[in-house]
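**Student:** query06.pdb is reproduced below (PDB, C-alpha atoms).
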MODEL        1
ATOM      1  CA  MET A  18    -114.780 -83.009  48.093
ATOM      2  CA  THR A  19    -114.664 -85.885  45.582
ATOM      3  CA  SER A  20    -116.749 -88.871  46.666
ATOM      4  CA  TYR A  21    -115.934 -92.497  45.855
ATOM      5  CA  PRO A  22    -117.802 -95.769  46.454
ATOM      6  CA  SER A  23    -116.783 -97.643  49.611
ATOM      7  CA  THR A  24    -115.481-101.203  49.863
ATOM      8  CA  ILE A  25    -115.228-103.880  52.570
ATOM      9  CA  GLY A  26    -112.286-104.769  54.755
ATOM     10  CA  ALA A  27    -112.384-108.570  54.743
ATOM     11  CA  PRO A  28    -114.372-111.558  53.403
ATOM     12  CA  VAL A  29    -117.672-112.328  55.139
ATOM     13  CA  GLU A  30    -119.865-115.441  55.020
ATOM     14  CA  HIS A  31    -123.531-115.764  55.970
ATOM     15  CA  GLU A  32    -126.141-118.506  55.679
ATOM     16  CA  LEU A  33    -129.856-118.047  55.046
ATOM     17  CA  VAL A  34    -132.397-120.907  55.049
ATOM     18  CA  ILE A  35    -135.707-120.365  53.245
ATOM     19  CA  LYS A  36    -138.198-123.197  52.771
ATOM     20  CA  LYS A  37    -135.443-125.786  53.247
ATOM     21  CA  SER A  38    -133.174-124.193  50.597
ATOM     22  CA  ARG A  39    -129.779-123.101  51.955
ATOM     23  CA  PHE A  40    -128.344-119.849  50.623
ATOM     24  CA  LEU A  41    -124.652-119.486  51.501
ATOM     25  CA  ALA A  42    -123.454-115.932  50.872
ATOM     26  CA  HIS A  43    -119.760-115.170  50.461
ATOM     27  CA  VAL A  44    -118.764-111.516  50.034
ATOM     28  CA  ALA A  45    -115.119-110.530  49.551
ATOM     29  CA  PRO A  46    -112.996-107.476  48.703
ATOM     30  CA  VAL A  47    -111.164-107.706  45.364
ATOM     31  CA  GLY A  48    -108.694-105.566  43.481
ATOM     32  CA  SER A  49    -109.777-106.344  39.921
ATOM     33  CA  THR A  50    -112.256-108.184  37.728
ATOM     34  CA  GLU A  51    -109.745-111.027  37.401
ATOM     35  CA  GLU A  52    -109.476-111.353  41.172
ATOM     36  CA  ALA A  53    -113.280-111.387  41.454
ATOM     37  CA  ASP A  54    -113.474-114.144  38.821
ATOM     38  CA  ALA A  55    -110.923-116.143  40.798
ATOM     39  CA  VAL A  56    -113.028-115.851  43.964
ATOM     40  CA  ILE A  57    -116.096-117.038  42.053
ATOM     41  CA  ALA A  58    -114.137-119.976  40.613
ATOM     42  CA  GLY A  59    -112.934-120.911  44.083
ATOM     43  CA  ILE A  60    -116.470-120.923  45.487
ATOM     44  CA  ARG A  61    -117.695-123.013  42.550
ATOM     45  CA  LYS A  62    -114.934-125.531  43.213
ATOM     46  CA  LYS A  63    -115.655-125.642  46.938
ATOM     47  CA  HIS A  64    -119.424-126.032  46.417
ATOM     48  CA  TRP A  65    -119.299-128.158  43.285
ATOM     49  CA  ASP A  66    -122.289-130.171  44.471
ATOM     50  CA  ALA A  67    -124.613-127.144  44.794
ATOM     51  CA  ARG A  68    -127.298-126.539  42.212
ATOM     52  CA  HIS A  69    -126.407-122.841  41.780
ATOM     53  CA  ASN A  70    -123.460-120.519  42.508
ATOM     54  CA  CYS A  71    -124.832-117.105  41.539
ATOM     55  CA  SER A  72    -122.600-114.050  41.565
ATOM     56  CA  ALA A  73    -122.317-110.289  41.272
ATOM     57  CA  GLN A  74    -119.259-108.069  41.227
ATOM     58  CA  VAL A  75    -118.398-104.384  41.043
ATOM     59  CA  SER A  76    -114.873-103.053  40.544
ATOM     60  CA  GLY A  77    -113.000 -99.892  39.635
ATOM     61  CA  LEU A  78    -112.335 -96.771  41.693
ATOM     62  CA  ARG A  79    -115.733 -95.375  40.726
ATOM     63  CA  GLY A  80    -117.490 -98.737  40.472
ATOM     64  CA  ASP A  81    -117.717 -98.512  36.688
ATOM     65  CA  ARG A  82    -117.216-102.241  35.991
ATOM     66  CA  ALA A  83    -119.980-104.671  36.940
ATOM     67  CA  ARG A  84    -121.018-108.228  36.128
ATOM     68  CA  SER A  85    -123.608-110.695  37.391
ATOM     69  CA  SER A  86    -124.618-114.322  36.767
ATOM     70  CA  ASP A  87    -127.833-116.226  37.523
ATOM     71  CA  ASP A  88    -125.969-119.541  37.079
ATOM     72  CA  GLY A  89    -129.042-121.466  35.991
ATOM     73  CA  GLU A  90    -131.655-119.679  38.083
ATOM     74  CA  PRO A  91    -134.492-118.005  36.092
ATOM     75  CA  SER A  92    -133.174-114.917  34.314
ATOM     76  CA  GLY A  93    -133.036-111.836  36.529
ATOM     77  CA  THR A  94    -133.845-113.613  39.804
ATOM     78  CA  ALA A  95    -130.352-113.923  41.306
ATOM     79  CA  GLY A  96    -127.353-112.093  39.834
ATOM     80  CA  VAL A  97    -129.087-108.797  39.087
ATOM     81  CA  PRO A  98    -130.774-108.524  42.516
ATOM     82  CA  MET A  99    -127.415-109.281  44.133
ATOM     83  CA  LEU A 100    -125.770-106.585  42.006
ATOM     84  CA  GLU A 101    -128.476-104.111  42.970
ATOM     85  CA  VAL A 102    -127.627-104.652  46.643
ATOM     86  CA  LEU A 103    -123.968-103.817  45.965
ATOM     87  CA  ARG A 104    -125.035-100.725  44.025
ATOM     88  CA  ARG A 105    -127.508 -99.640  46.688
ATOM     89  CA  ARG A 106    -124.810 -99.956  49.355
ATOM     90  CA  GLU A 107    -122.530 -97.829  47.094
ATOM     91  CA  LEU A 108    -119.732-100.397  47.098
ATOM     92  CA  THR A 109    -116.944-101.228  44.673
ATOM     93  CA  ASP A 110    -114.024-103.669  44.480
ATOM     94  CA  VAL A 111    -116.272-106.344  45.953
ATOM     95  CA  VAL A 112    -117.644-109.685  44.765
ATOM     96  CA  ALA A 113    -120.663-111.568  46.105
ATOM     97  CA  VAL A 114    -121.325-115.264  45.519
ATOM     98  CA  VAL A 115    -124.476-116.962  46.798
ATOM     99  CA  THR A 116    -124.491-120.755  46.723
ATOM    100  CA  ARG A 117    -127.915-122.422  46.778
ATOM    101  CA  TYR A 118    -128.575-125.949  47.930
ATOM    102  CA  PHE A 119    -132.117-126.663  46.740
ATOM    103  CA  GLY A 120    -134.468-127.833  49.486
ATOM    104  CA  GLY A 121    -137.178-129.284  47.287
ATOM    105  CA  VAL A 122    -139.633-126.378  47.524
ATOM    106  CA  LYS A 123    -139.834-123.893  44.637
ATOM    107  CA  LEU A 124    -139.738-120.254  45.735
ATOM    108  CA  GLY A 125    -141.027-118.577  42.592
ATOM    109  CA  ALA A 126    -139.389-115.608  40.874
ATOM    110  CA  GLY A 127    -140.243-113.120  43.616
ATOM    111  CA  GLY A 128    -139.081-115.486  46.323
ATOM    112  CA  LEU A 129    -135.755-116.030  44.591
ATOM    113  CA  VAL A 130    -135.170-112.290  44.173
ATOM    114  CA  ARG A 131    -135.832-111.731  47.881
ATOM    115  CA  ALA A 132    -133.679-114.691  48.932
ATOM    116  CA  TYR A 133    -130.601-113.786  46.890
ATOM    117  CA  SER A 134    -130.763-110.077  47.694
ATOM    118  CA  SER A 135    -131.351-110.773  51.411
ATOM    119  CA  ALA A 136    -128.424-113.190  51.571
ATOM    120  CA  VAL A 137    -126.044-110.542  50.206
ATOM    121  CA  SER A 138    -127.554-107.721  52.250
ATOM    122  CA  GLU A 139    -127.333-109.663  55.522
ATOM    123  CA  ALA A 140    -123.736-110.661  54.759
ATOM    124  CA  LEU A 141    -122.829-107.020  54.166
ATOM    125  CA  ASP A 142    -124.405-106.095  57.494
ATOM    126  CA  LEU A 143    -121.608-108.175  59.074
ATOM    127  CA  ALA A 144    -118.805-106.588  57.019
ATOM    128  CA  THR A 145    -116.416-103.808  57.980
ATOM    129  CA  ILE A 146    -117.085-100.960  55.565
ATOM    130  CA  LEU A 147    -114.089 -98.950  54.371
ATOM    131  CA  GLU A 148    -114.804 -95.471  53.071
ATOM    132  CA  ARG A 149    -112.598 -94.246  50.253
ATOM    133  CA  THR A 150    -111.222 -90.784  50.824
ATOM    134  CA  LEU A 151    -109.020 -88.571  48.666
ATOM    135  CA  LEU A 152    -105.909 -87.611  50.623
ATOM    136  CA  VAL A 153    -103.507 -84.835  49.634
ATOM    137  CA  GLN A 154     -99.806 -84.803  50.469
ATOM    138  CA  ALA A 155     -98.131 -82.066  52.480
ATOM    139  CA  ARG A 156     -94.601 -81.594  53.792
ATOM    140  CA  ILE A 157     -93.563 -79.869  57.004
ATOM    141  CA  PRO A 158     -89.915 -78.767  57.434
ATOM    142  CA  VAL A 159     -88.882 -78.834  61.107
ATOM    143  CA  PRO A 160     -85.547 -77.971  62.796
ATOM    144  CA  HIS A 161     -83.832 -81.120  64.099
ATOM    145  CA  ALA A 162     -84.049 -79.840  67.672
ATOM    146  CA  ASP A 163     -87.866 -79.857  67.453
ATOM    147  CA  ALA A 164     -88.293 -83.018  65.356
ATOM    148  CA  GLY A 165     -89.033 -85.410  68.233
ATOM    149  CA  ARG A 166     -91.711 -83.187  69.744
ATOM    150  CA  ILE A 167     -93.370 -82.463  66.386
ATOM    151  CA  ASP A 168     -93.245 -86.150  65.452
ATOM    152  CA  ASN A 169     -95.233 -87.009  68.592
ATOM    153  CA  LEU A 170     -97.713 -84.183  68.006
ATOM    154  CA  LEU A 171     -98.268 -85.222  64.376
ATOM    155  CA  ARG A 172     -98.828 -88.854  65.368
ATOM    156  CA  GLU A 173    -101.491 -87.738  67.828
ATOM    157  CA  TRP A 174    -103.055 -85.462  65.183
ATOM    158  CA  VAL A 175    -103.320 -88.104  62.426
ATOM    159  CA  ALA A 176    -104.783 -90.599  64.917
ATOM    160  CA  ARG A 177    -107.740 -88.256  65.449
ATOM    161  CA  GLY A 178    -108.835 -88.279  61.799
ATOM    162  CA  ALA A 179    -108.546 -89.812  58.332
ATOM    163  CA  ALA A 180    -104.876 -88.897  57.935
ATOM    164  CA  ALA A 181    -101.546 -90.727  57.821
ATOM    165  CA  LEU A 182     -97.859 -89.995  58.261
ATOM    166  CA  GLY A 183     -95.610 -90.764  55.313
ATOM    167  CA  GLU A 184     -91.822 -90.857  55.062
ATOM    168  CA  THR A 185     -89.726 -88.497  57.188
ATOM    169  CA  ARG A 186     -86.673 -87.096  55.398
ATOM    170  CA  TYR A 187     -83.585 -85.867  57.172
ATOM    171  CA  GLY A 188     -81.341 -83.239  55.600
ATOM    172  CA  ALA A 189     -80.618 -79.694  56.712
ATOM    173  CA  GLN A 190     -83.942 -80.084  58.536
ATOM    174  CA  ALA A 191     -86.311 -82.930  59.316
ATOM    175  CA  GLU A 192     -89.146 -82.955  56.782
ATOM    176  CA  PHE A 193     -92.369 -84.722  57.749
ATOM    177  CA  GLU A 194     -94.805 -86.036  55.159
ATOM    178  CA  VAL A 195     -98.525 -86.056  55.976
ATOM    179  CA  TRP A 196    -101.452 -87.367  53.912
ATOM    180  CA  MET A 197    -104.846 -85.890  54.805
ATOM    181  CA  PRO A 198    -108.234 -84.884  53.366
ATOM    182  CA  GLU A 199    -107.772 -81.482  51.751
ATOM    183  CA  PRO A 200    -110.192 -79.691  54.133
ATOM    184  CA  ALA A 201    -108.040 -80.844  57.074
ATOM    185  CA  MET A 202    -104.978 -78.957  55.857
ATOM    186  CA  THR A 203    -106.196 -75.653  57.290
ATOM    187  CA  ALA A 204    -106.773 -77.272  60.677
ATOM    188  CA  LEU A 205    -103.269 -78.750  60.649
ATOM    189  CA  GLU A 206    -101.750 -75.399  59.733
ATOM    190  CA  GLU A 207    -103.541 -73.774  62.665
ATOM    191  CA  GLU A 208    -102.407 -76.463  65.106
ATOM    192  CA  LEU A 209     -98.805 -76.331  63.860
ATOM    193  CA  SER A 210     -98.822 -72.577  64.234
ATOM    194  CA  ALA A 211    -100.049 -72.927  67.804
ATOM    195  CA  TRP A 212     -97.468 -75.618  68.584
ATOM    196  CA  SER A 213     -94.580 -73.593  67.175
ATOM    197  CA  SER A 214     -95.661 -69.980  67.867
ATOM    198  CA  GLY A 215     -96.091 -69.498  64.116
ATOM    199  CA  ALA A 216     -92.669 -70.840  63.115
ATOM    200  CA  LEU A 217     -93.811 -73.949  61.212
ATOM    201  CA  ARG A 218     -95.628 -74.085  57.863
ATOM    202  CA  VAL A 219     -97.473 -76.775  55.905
ATOM    203  CA  THR A 220     -96.611 -76.986  52.201
ATOM    204  CA  SER A 221     -98.853 -78.844  49.766
ATOM    205  CA  THR A 222     -96.974 -80.948  47.184
ATOM    206  CA  GLY A 223     -99.924 -81.183  44.787
ATOM    207  CA  LEU A 224     -99.908 -85.005  45.018
ATOM    208  CA  SER A 225    -102.951 -87.021  46.066
ATOM    209  CA  ARG A 226    -104.072 -90.628  46.541
ATOM    210  CA  VAL A 227    -107.204 -92.519  47.501
ATOM    211  CA  ALA A 228    -107.144 -94.366  50.837
ATOM    212  CA  ASP A 229    -109.544 -96.760  52.588
ATOM    213  CA  VAL A 230    -110.683 -95.691  56.041
ATOM    214  CA  ALA A 231    -112.836 -97.827  58.375
ATOM    215  CA  ARG A 232    -116.287 -96.340  58.863
TER     216      ARG A 232
ENDMDL
END
Could you rewrite the structure in this file as structure tokens?
**Tutor:**
Amino acid sequence: MTSYPSTIGAPVEHELVIKKSRFLAHVAPVGSTEEADAVIAGIRKKHWDARHNCSAQVSGLRGDRARSSDDGEPSGTAGVPMLEVLRRRELTDVVAVVTRYFGGVKLGAGGLVRAYSSAVSEALDLATILERTLLVQARIPVPHADAGRIDNLLREWVARGAAALGETRYGAQAEFEVWMPEPAMTALEEELSAWSSGALRVTSTGLSRVADVAR
């Protein structure tokens, strides 16, 4: 089954204090590079008085677009370590900004790397992780007399796994639309057969989409 990087469900903030320096981490889900840049700009505006607003971002379905900024910290001590945390967590469509208020004590290159990476890592520990799963579409024609019962059974079935009901069409028969991981289609066919004494069938449409599912 095709595997995709995960993302997060909602923005998270976390504060870390090291030798009197405050590191304020802000991690947020984004839909594009432009949206990530807007989040960074917003944090810079909010914390205009901070010495540094370092950032890292990864976007794209496969996480193939990435950027980072040290924002005045020594080269390689902030943005890249933050980016490495996002990569190590196998995340995409996420931006991390760490604001530093200098406390008067220098941390050294190694100390900065640890501080910025820890700030992002600890923020992510608080986040809801959404796994990205490829779902395939199937349709199930059902006689109108059985539609209510099958609707209830399908709702119970999708609630047990990473699946979702789509639009129900009504014509000569009721036609239910289900999105599910491809390996689950066999299980659904078996359950439908048991529910209907073999009368109902699942038909794949060949369509697919990627959906976010809470881990």
**Student:** Have a look at atom CA of Gly80 of chain A and atom CA of Pro46 of chain A and let me know their distance in Å, one decimal.
**Tutor:**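 Here the two named atoms are 12.8 Å from each other.
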**Student:** Can you tell me, as JSON, numbers by chain, which residues sit within 9 Å of (-113.8, -111.3, 45.3) in the file's frame, using all atoms listed in the file?
**Tutor:** {"A": [28, 43, 44, 45, 46, 47, 48, 49, 50, 51, 52, 53, 54, 55, 56, 57, 74, 110, 111, 112, 113, 114]}
**Student:** Go ahead and dump the residues you just picked, C-alpha atoms, as an mmCIF file, in the frame of the given file.
**Tutor:**
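To be explicit, this is the file written out as result_31.cif:
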data_model
loop_
_atom_site.group_PDB
_atom_site.id
_atom_site.type_symbol
_atom_site.label_atom_id
_atom_site.label_comp_id
_atom_site.auth_asym_id
_atom_site.auth_seq_id
_atom_site.Cartn_x
_atom_site.Cartn_y
_atom_site.Cartn_z
ATOM 1 C CA PRO A 28 -114.372 -111.558 53.403
ATOM 2 C CA HIS A 43 -119.760 -115.170 50.461
ATOM 3 C CA VAL A 44 -118.764 -111.516 50.034
ATOM 4 C CA ALA A 45 -115.119 -110.530 49.551
ATOM 5 C CA PRO A 46 -112.996 -107.476 48.703
ATOM 6 C CA VAL A 47 -111.164 -107.706 45.364
ATOM 7 C CA GLY A 48 -108.694 -105.566 43.481
ATOM 8 C CA SER A 49 -109.777 -106.344 39.921
ATOM 9 C CA THR A 50 -112.256 -108.184 37.728
ATOM 10 C CA GLU A 51 -109.745 -111.027 37.401
ATOM 11 C CA GLU A 52 -109.476 -111.353 41.172
ATOM 12 C CA ALA A 53 -113.280 -111.387 41.454
ATOM 13 C CA ASP A 54 -113.474 -114.144 38.821
ATOM 14 C CA ALA A 55 -110.923 -116.143 40.798
ATOM 15 C CA VAL A 56 -113.028 -115.851 43.964
ATOM 16 C CA ILE A 57 -116.096 -117.038 42.053
ATOM 17 C CA GLN A 74 -119.259 -108.069 41.227
ATOM 18 C CA ASP A 110 -114.024 -103.669 44.480
ATOM 19 C CA VAL A 111 -116.272 -106.344 45.953
ATOM 20 C CA VAL A 112 -117.644 -109.685 44.765
ATOM 21 C CA ALA A 113 -120.663 -111.568 46.105
ATOM 22 C CA VAL A 114 -121.325 -115.264 45.519
#
**Student:** Would you mind telling me which residue in A:Ala27, A:Ala73, A:Leu170, A:Val195 lies nearest to Ile146 of chain A when using all atoms listed in the file?
**Tutor:** A:Ala27
**Student:** At what distance in Å, to one decimal, does atom CA of Arg84 of chain A lie from atom CA of Val230 of chain A?
**Tutor:**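 About the pair atom CA of Val230 of chain A and atom CA of Arg84 of chain A: they are 25.7 Å apart.
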**Student:** Which one of A:Ile60, A:Val122, A:Val227, A:Ala42 sits closest to Ala95 of chain A if you count all atoms listed in the file?
**Tutor:**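 Among the listed residues, A:Ala42 lies closest to Ala95 of chain A.
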